[in-house]
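This is data.txt. It holds compact mmCIF, C-alpha atoms.
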# COMPACT_ATOMS: atom_id res chain seq x y z
CA MET A 23 125.69 185.25 123.29
CA SER A 24 127.62 181.99 123.32
CA ASP A 25 125.83 178.68 123.13
CA VAL A 26 127.09 177.70 126.59
CA LEU A 27 125.93 181.00 128.14
CA MET A 28 122.53 180.59 126.50
CA LEU A 29 122.18 177.11 127.99
CA LYS A 30 123.27 178.33 131.42
CA ASN A 31 120.64 181.06 131.33
CA LEU A 32 117.99 178.57 130.25
CA ALA A 33 118.99 176.26 133.11
CA LYS A 34 118.47 179.17 135.53
CA ARG A 35 115.03 179.83 134.06
CA ILE A 36 114.06 176.17 134.28
CA ARG A 37 115.37 175.90 137.83
CA ARG A 38 113.30 178.96 138.79
CA GLY A 39 110.21 177.38 137.18
CA ILE A 40 110.69 174.24 139.26
CA ILE A 41 110.99 176.18 142.49
CA VAL A 42 108.10 178.62 141.99
CA SER A 43 105.67 175.99 140.66
CA THR A 44 106.30 173.49 143.45
CA THR A 45 106.21 176.26 146.05
CA ALA A 46 102.86 177.46 144.72
CA ALA A 47 101.55 173.88 144.72
CA GLY A 48 102.86 173.19 148.20
CA SER A 49 103.91 169.77 146.92
CA GLY A 50 105.90 168.02 144.24
CA HIS A 51 109.48 166.87 143.97
CA PRO A 52 111.69 169.94 143.51
CA THR A 53 115.00 168.42 144.61
CA SER A 54 114.68 165.46 142.24
CA SER A 55 113.91 167.92 139.46
CA LEU A 56 116.77 170.25 140.29
CA SER A 57 119.42 167.53 140.06
CA ALA A 58 118.65 166.90 136.38
CA THR A 59 118.20 170.52 135.27
CA GLU A 60 121.47 170.92 133.35
CA LEU A 61 121.25 167.44 131.84
CA THR A 62 117.84 168.11 130.34
CA THR A 63 118.57 171.72 129.41
CA VAL A 64 121.45 170.57 127.21
CA LEU A 65 119.40 167.68 125.84
CA PHE A 66 116.40 169.80 124.85
CA PHE A 67 118.05 173.08 123.90
CA GLY A 68 121.55 172.02 122.88
CA GLY A 69 120.48 170.41 119.61
CA PHE A 70 120.45 166.82 120.78
CA LEU A 71 116.74 166.01 121.14
CA LYS A 72 115.39 166.59 117.62
CA GLN A 73 111.71 167.34 118.14
CA ASN A 74 109.23 169.44 116.17
CA ILE A 75 107.33 171.23 118.95
CA THR A 76 104.68 172.38 116.47
CA ASN A 77 103.91 168.75 115.63
CA PHE A 78 104.46 166.34 118.50
CA GLN A 79 102.81 163.59 116.46
CA ASN A 80 105.56 163.63 113.84
CA GLN A 81 106.61 159.99 113.77
CA PHE A 82 110.21 160.93 113.04
CA ASN A 83 110.60 163.09 116.13
CA ASP A 84 113.11 161.96 118.69
CA LYS A 85 111.33 160.75 121.83
CA PHE A 86 111.89 161.58 125.49
CA VAL A 87 110.72 159.39 128.35
CA LEU A 88 110.88 160.81 131.88
CA SER A 89 111.23 157.51 133.69
CA LYS A 90 111.65 159.34 136.99
CA GLY A 91 108.16 160.74 136.53
CA HIS A 92 108.04 162.42 139.93
CA ALA A 93 110.40 165.01 138.39
CA ALA A 94 107.45 166.29 136.35
CA PRO A 95 108.05 169.91 137.47
CA LEU A 96 111.31 169.73 135.52
CA LEU A 97 109.55 168.57 132.36
CA TYR A 98 106.88 171.26 132.64
CA SER A 99 109.46 173.98 133.24
CA ILE A 100 111.37 172.84 130.14
CA TYR A 101 108.29 173.21 127.98
CA GLU A 102 107.51 176.57 129.55
CA ALA A 103 111.00 177.71 128.54
CA ALA A 104 110.34 176.31 125.04
CA GLY A 105 107.13 178.34 124.75
CA VAL A 106 104.79 175.34 124.72
CA LEU A 107 103.35 176.13 128.16
CA SER A 108 102.69 179.59 129.55
CA GLN A 109 103.92 180.85 132.89
CA SER A 110 100.32 180.90 134.17
CA GLU A 111 99.85 177.27 133.10
CA LEU A 112 103.05 176.29 134.88
CA MET A 113 101.68 177.75 138.09
CA THR A 114 98.71 175.35 137.99
CA LEU A 115 100.98 172.41 138.85
CA ARG A 116 99.16 169.73 140.85
CA LYS A 117 96.01 171.82 141.22
CA PHE A 118 92.44 170.66 140.59
CA ASN A 119 91.49 170.54 136.88
CA SER A 120 95.09 171.19 135.81
CA HIS A 121 96.70 169.10 133.08
CA LEU A 122 100.00 169.44 134.94
CA GLN A 123 99.63 166.50 137.25
CA GLY A 124 102.17 165.23 139.77
CA HIS A 125 103.40 162.77 137.15
CA PRO A 126 103.29 163.43 133.40
CA THR A 127 100.39 161.93 131.44
CA PRO A 128 99.49 161.84 127.71
CA GLU A 129 96.87 164.53 128.35
CA LEU A 130 99.78 166.73 127.37
CA PRO A 131 100.83 166.69 123.70
CA PHE A 132 104.52 166.34 124.53
CA VAL A 133 104.03 163.28 126.76
CA ASP A 134 103.80 159.87 125.08
CA VAL A 135 103.37 157.72 128.16
CA THR A 136 102.47 158.08 131.82
CA THR A 137 105.47 157.55 134.07
CA GLY A 138 106.14 157.57 137.76
CA SER A 139 105.88 153.91 138.67
CA LEU A 140 109.63 153.71 138.89
CA GLY A 141 111.51 151.14 136.86
CA GLN A 142 109.22 151.11 133.81
CA GLY A 143 110.56 153.94 131.68
CA LEU A 144 113.46 152.12 130.05
CA SER A 145 111.15 149.29 128.96
CA VAL A 146 108.82 151.85 127.42
CA GLY A 147 111.73 153.56 125.67
CA LEU A 148 112.92 150.21 124.33
CA GLY A 149 109.46 149.53 122.88
CA MET A 150 109.43 152.97 121.25
CA ALA A 151 112.88 152.45 119.74
CA LEU A 152 111.87 149.10 118.27
CA GLY A 153 108.60 150.60 117.02
CA ILE A 154 110.48 153.36 115.23
CA ARG A 155 112.53 150.75 113.41
CA LEU A 156 109.41 148.88 112.34
CA LYS A 157 107.79 152.10 111.09
CA ILE A 158 110.87 153.02 109.05
CA LYS A 159 110.89 149.56 107.51
CA GLU A 160 107.16 149.71 106.80
CA LEU A 161 107.42 153.11 105.11
CA GLN A 162 110.64 152.13 103.32
CA VAL A 163 112.22 155.50 104.02
CA GLN A 164 115.93 156.25 103.99
CA LEU A 165 117.19 158.24 106.97
CA LYS A 166 120.73 159.31 107.82
CA GLN A 167 120.01 158.40 111.43
CA GLU A 168 117.06 156.75 113.11
CA PRO A 169 115.09 158.92 115.53
CA THR A 170 116.54 158.48 118.99
CA VAL A 171 114.67 157.60 122.17
CA TRP A 172 116.17 159.29 125.23
CA VAL A 173 115.20 158.00 128.68
CA LEU A 174 115.99 159.88 131.89
CA LEU A 175 116.21 157.48 134.84
CA GLY A 176 116.69 158.08 138.54
CA ASP A 177 119.33 156.19 140.47
CA SER A 178 116.78 154.85 142.96
CA GLU A 179 114.93 152.99 140.22
CA MET A 180 118.13 151.22 139.23
CA ALA A 181 117.24 148.81 142.04
CA GLU A 182 114.23 147.65 139.99
CA GLY A 183 114.72 144.37 138.13
CA GLN A 184 112.67 145.58 135.18
CA VAL A 185 115.36 148.14 134.34
CA TRP A 186 117.96 145.40 133.95
CA GLU A 187 115.59 143.17 131.98
CA ALA A 188 115.10 146.05 129.54
CA MET A 189 118.86 146.45 129.28
CA GLU A 190 119.24 142.77 128.43
CA ILE A 191 116.61 142.87 125.68
CA ALA A 192 117.88 146.17 124.23
CA SER A 193 121.34 144.68 123.90
CA TYR A 194 119.99 141.47 122.39
CA TYR A 195 118.17 143.39 119.64
CA ASN A 196 121.07 145.81 119.05
CA VAL A 197 118.85 148.81 119.72
CA ASN A 198 121.40 151.53 119.09
CA ASN A 199 118.76 154.28 118.83
CA LEU A 200 118.12 154.06 122.59
CA ILE A 201 120.07 156.30 124.97
CA GLY A 202 119.54 156.24 128.71
CA ILE A 203 120.70 158.91 131.16
CA VAL A 204 120.93 158.00 134.84
CA ASP A 205 120.64 160.98 137.19
CA ILE A 206 122.91 159.73 139.97
CA ASN A 207 122.16 162.19 142.77
CA ARG A 208 122.88 159.63 145.52
CA LEU A 209 119.70 160.15 147.53
CA GLY A 210 116.37 158.37 147.32
CA GLN A 211 113.17 159.32 149.11
CA SER A 212 114.22 157.92 152.47
CA GLY A 213 118.00 157.73 152.36
CA GLU A 214 121.04 156.93 150.25
CA THR A 215 120.71 154.58 147.29
CA ASP A 216 122.44 151.20 147.28
CA LEU A 217 125.45 152.47 145.30
CA GLY A 218 125.44 156.16 146.17
CA TRP A 219 127.93 157.87 143.83
CA ASP A 220 129.78 154.64 143.02
CA ILE A 221 129.78 155.31 139.26
CA GLU A 222 132.39 152.64 138.56
CA THR A 223 130.16 149.84 139.85
CA TYR A 224 127.21 151.12 137.78
CA LYS A 225 129.52 151.19 134.76
CA LYS A 226 130.78 147.64 135.20
CA ARG A 227 127.28 146.23 135.68
CA ILE A 228 125.76 148.03 132.69
CA GLU A 229 128.66 147.11 130.39
CA THR A 230 128.07 143.49 131.39
CA PHE A 231 124.61 143.82 129.84
CA GLY A 232 126.17 144.79 126.51
CA TRP A 233 125.74 148.57 126.54
CA ASN A 234 128.06 151.42 125.68
CA VAL A 235 128.61 153.38 128.90
CA LEU A 236 129.64 157.03 129.10
CA GLU A 237 130.31 159.05 132.23
CA ILE A 238 129.59 162.66 133.14
CA LYS A 239 131.68 163.47 136.19
CA ASN A 240 129.84 166.73 136.90
CA GLY A 241 126.21 166.59 135.82
CA HIS A 242 125.88 170.35 136.28
CA ASN A 243 128.71 171.32 133.94
CA ILE A 244 127.21 172.38 130.61
CA GLU A 245 130.43 171.97 128.64
CA GLU A 246 131.06 168.44 129.90
CA ILE A 247 127.46 167.38 129.31
CA LYS A 248 127.64 168.62 125.72
CA LYS A 249 130.84 166.67 125.02
CA VAL A 250 129.36 163.44 126.34
CA PHE A 251 126.07 163.91 124.47
CA ILE A 252 128.01 164.48 121.25
CA LYS A 253 129.83 161.20 121.83
CA ALA A 254 126.52 159.44 122.58
CA ASN A 255 125.09 160.71 119.30
CA THR A 256 128.18 159.48 117.50
CA LEU A 257 127.69 156.02 118.97
CA ASN A 258 124.05 156.10 117.87
CA THR A 259 124.93 155.16 114.30
CA VAL A 260 125.39 152.04 112.24
CA HIS A 261 128.96 151.97 113.54
CA SER A 262 127.75 150.83 116.96
CA GLN A 263 125.17 148.12 117.41
CA LYS A 264 124.72 148.77 121.11
CA PRO A 265 122.40 150.99 123.14
CA THR A 266 124.13 153.67 125.21
CA MET A 267 123.84 154.57 128.89
CA ILE A 268 125.12 157.88 130.27
CA LEU A 269 125.95 157.96 133.97
CA ALA A 270 125.81 161.48 135.39
CA ARG A 271 126.96 162.37 138.90
CA THR A 272 124.64 165.07 140.17
CA ILE A 273 123.60 166.77 143.40
CA LYS A 274 120.03 166.47 144.62
CA GLY A 275 118.53 169.92 145.17
CA LYS A 276 121.27 171.60 143.12
CA GLY A 277 120.93 175.38 143.04
CA VAL A 278 119.26 175.78 146.43
CA PRO A 279 122.06 175.66 149.03
CA PHE A 280 119.98 174.53 152.00
CA LEU A 281 118.55 171.65 149.93
CA GLU A 282 121.71 170.42 148.22
CA ASP A 283 122.63 166.82 149.00
CA LYS A 284 120.34 166.78 152.03
CA PRO A 285 118.29 163.64 152.87
CA GLY A 286 114.62 163.93 153.71
CA TRP A 287 113.63 166.31 150.91
CA GLN A 288 111.49 165.31 147.95

So, in terms of structure tokens, how does the structure I just supplied come out?
Amino acid sequence: MSDVLMLKNLAKRIRRGIIVSTTAAGSGHPTSSLSATELTTVLFFGGFLKQNITNFQNQFNDKFVLSKGHAAPLLYSIYEAAGVLSQSELMTLRKFNSHLQGHPTPELPFVDVTTGSLGQGLSVGLGMALGIRLKIKELQVQLKQEPTVWVLLGDSEMAEGQVWEAMEIASYYNVNNLIGIVDINRLGQSGETDLGWDIETYKKRIETFGWNVLEIKNGHNIEEIKKVFIKANTLNTVHSQKPTMILARTIKGKGVPFLEDKPGWQ
């Protein structure tokens, strides 16, 4: 089986997990989870997020911050596919006494920080990236590449000033082990976002803050996602002293035809 076919099959499994778990819960944010399914499938299973799932406390793991914390069903479905959660555990989403809450919390071993108050995740990721540098310096270890902090943001939260403040500071400190991914699915909770799918304006603004900016024209195309992630990893070296932001054009509710790109769905 080819690597691309394997990733496509995993994306189908994760998408199914999102749908069945939110349906069983009668709540959650399936459409916001579905838009980022391919992006995170490639990140987690394509060899980009380097994480020891038998030891989440390993200080040299790469880190992942789900800034758009309402997409928790996506995160849980990923770890079900990875074998960390069981299918029966996945089906406890948002139920009493379940660890799988509506937003991820550090009750779970693979979650470092509670997210869901939109606009905070990039600041958290920046702090983690700087902390990793301090730990490496303290331990005086030699690494080919610093552990990377990946942050998945929603396009609605790009209206939050804290996101742009984090960008400014990350650029100032040359935090090149920080990579953001913006899931640009055009729709917020109550309507279209300020910029919709205007990727070019996002790009110009973020470059102004001193970041490398990469674009994924189709955020559901496995091959394209892989190529851009490879380039992002290449930039995350001593050869680039900038953080990197990936702008991915996606469709909210992708995979469920009557939900795709429809306002009014969570």

Region 157-178 of chain A residues near region 48-68 of chain A within 12 Å, closest pair each, using only C-alpha atoms, as a tab-separated table:
residue	atom	partner	partner_atom	distance
A:Thr170	CA	A:Leu65	CA	11.8
A:Val171	CA	A:Leu65	CA	11.7
A:Trp172	CA	A:Leu65	CA	9.0
A:Val173	CA	A:Thr62	CA	10.6
A:Leu174	CA	A:Thr62	CA	8.6
A:Leu175	CA	A:Ala58	CA	9.9
A:Gly176	CA	A:Ser54	CA	8.5
A:Asp177	CA	A:Ser54	CA	10.5
A:Ser178	CA	A:Ser54	CA	10.8

So that each row is one residue of region 246-281 of chain A with an atom at most 12 Å from region 24-32 of chain A, can you give its shortest atom pair and the distance in Å to one decimal, using all atoms listed in the file, rows by chain and rising number, as JSON lines?
{"residue": "A:Glu246", "atom": "CA", "partner": "A:Val26", "partner_atom": "CA", "distance": 10.6}
{"residue": "A:Ile247", "atom": "CA", "partner": "A:Val26", "partner_atom": "CA", "distance": 10.7}
{"residue": "A:Lys248", "atom": "CA", "partner": "A:Val26", "partner_atom": "CA", "distance": 9.1}
{"residue": "A:Lys249", "atom": "CA", "partner": "A:Val26", "partner_atom": "CA", "distance": 11.8}

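The closest residue to Gly241 (chain A), picked from A:Ile206, A:Lys226, A:Val135, A:Asp216 and counting only C-alpha atoms, is A:Ile206.
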
Of the residues A:Phe82, A:Trp233, A:Tyr224, A:Phe70, which is the one nearest to Met189 (chain A), using all atoms listed in the file?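 Among the listed residues, the smallest separation from Met189 (chain A) belongs to A:Trp233.
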
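Of the residues listed (A:Met113, A:Ile268, A:Val133, A:Leu161), A:Ile268 shows the shortest atom-to-atom separation from Lys225 (chain A); distances use only C-alpha atoms.
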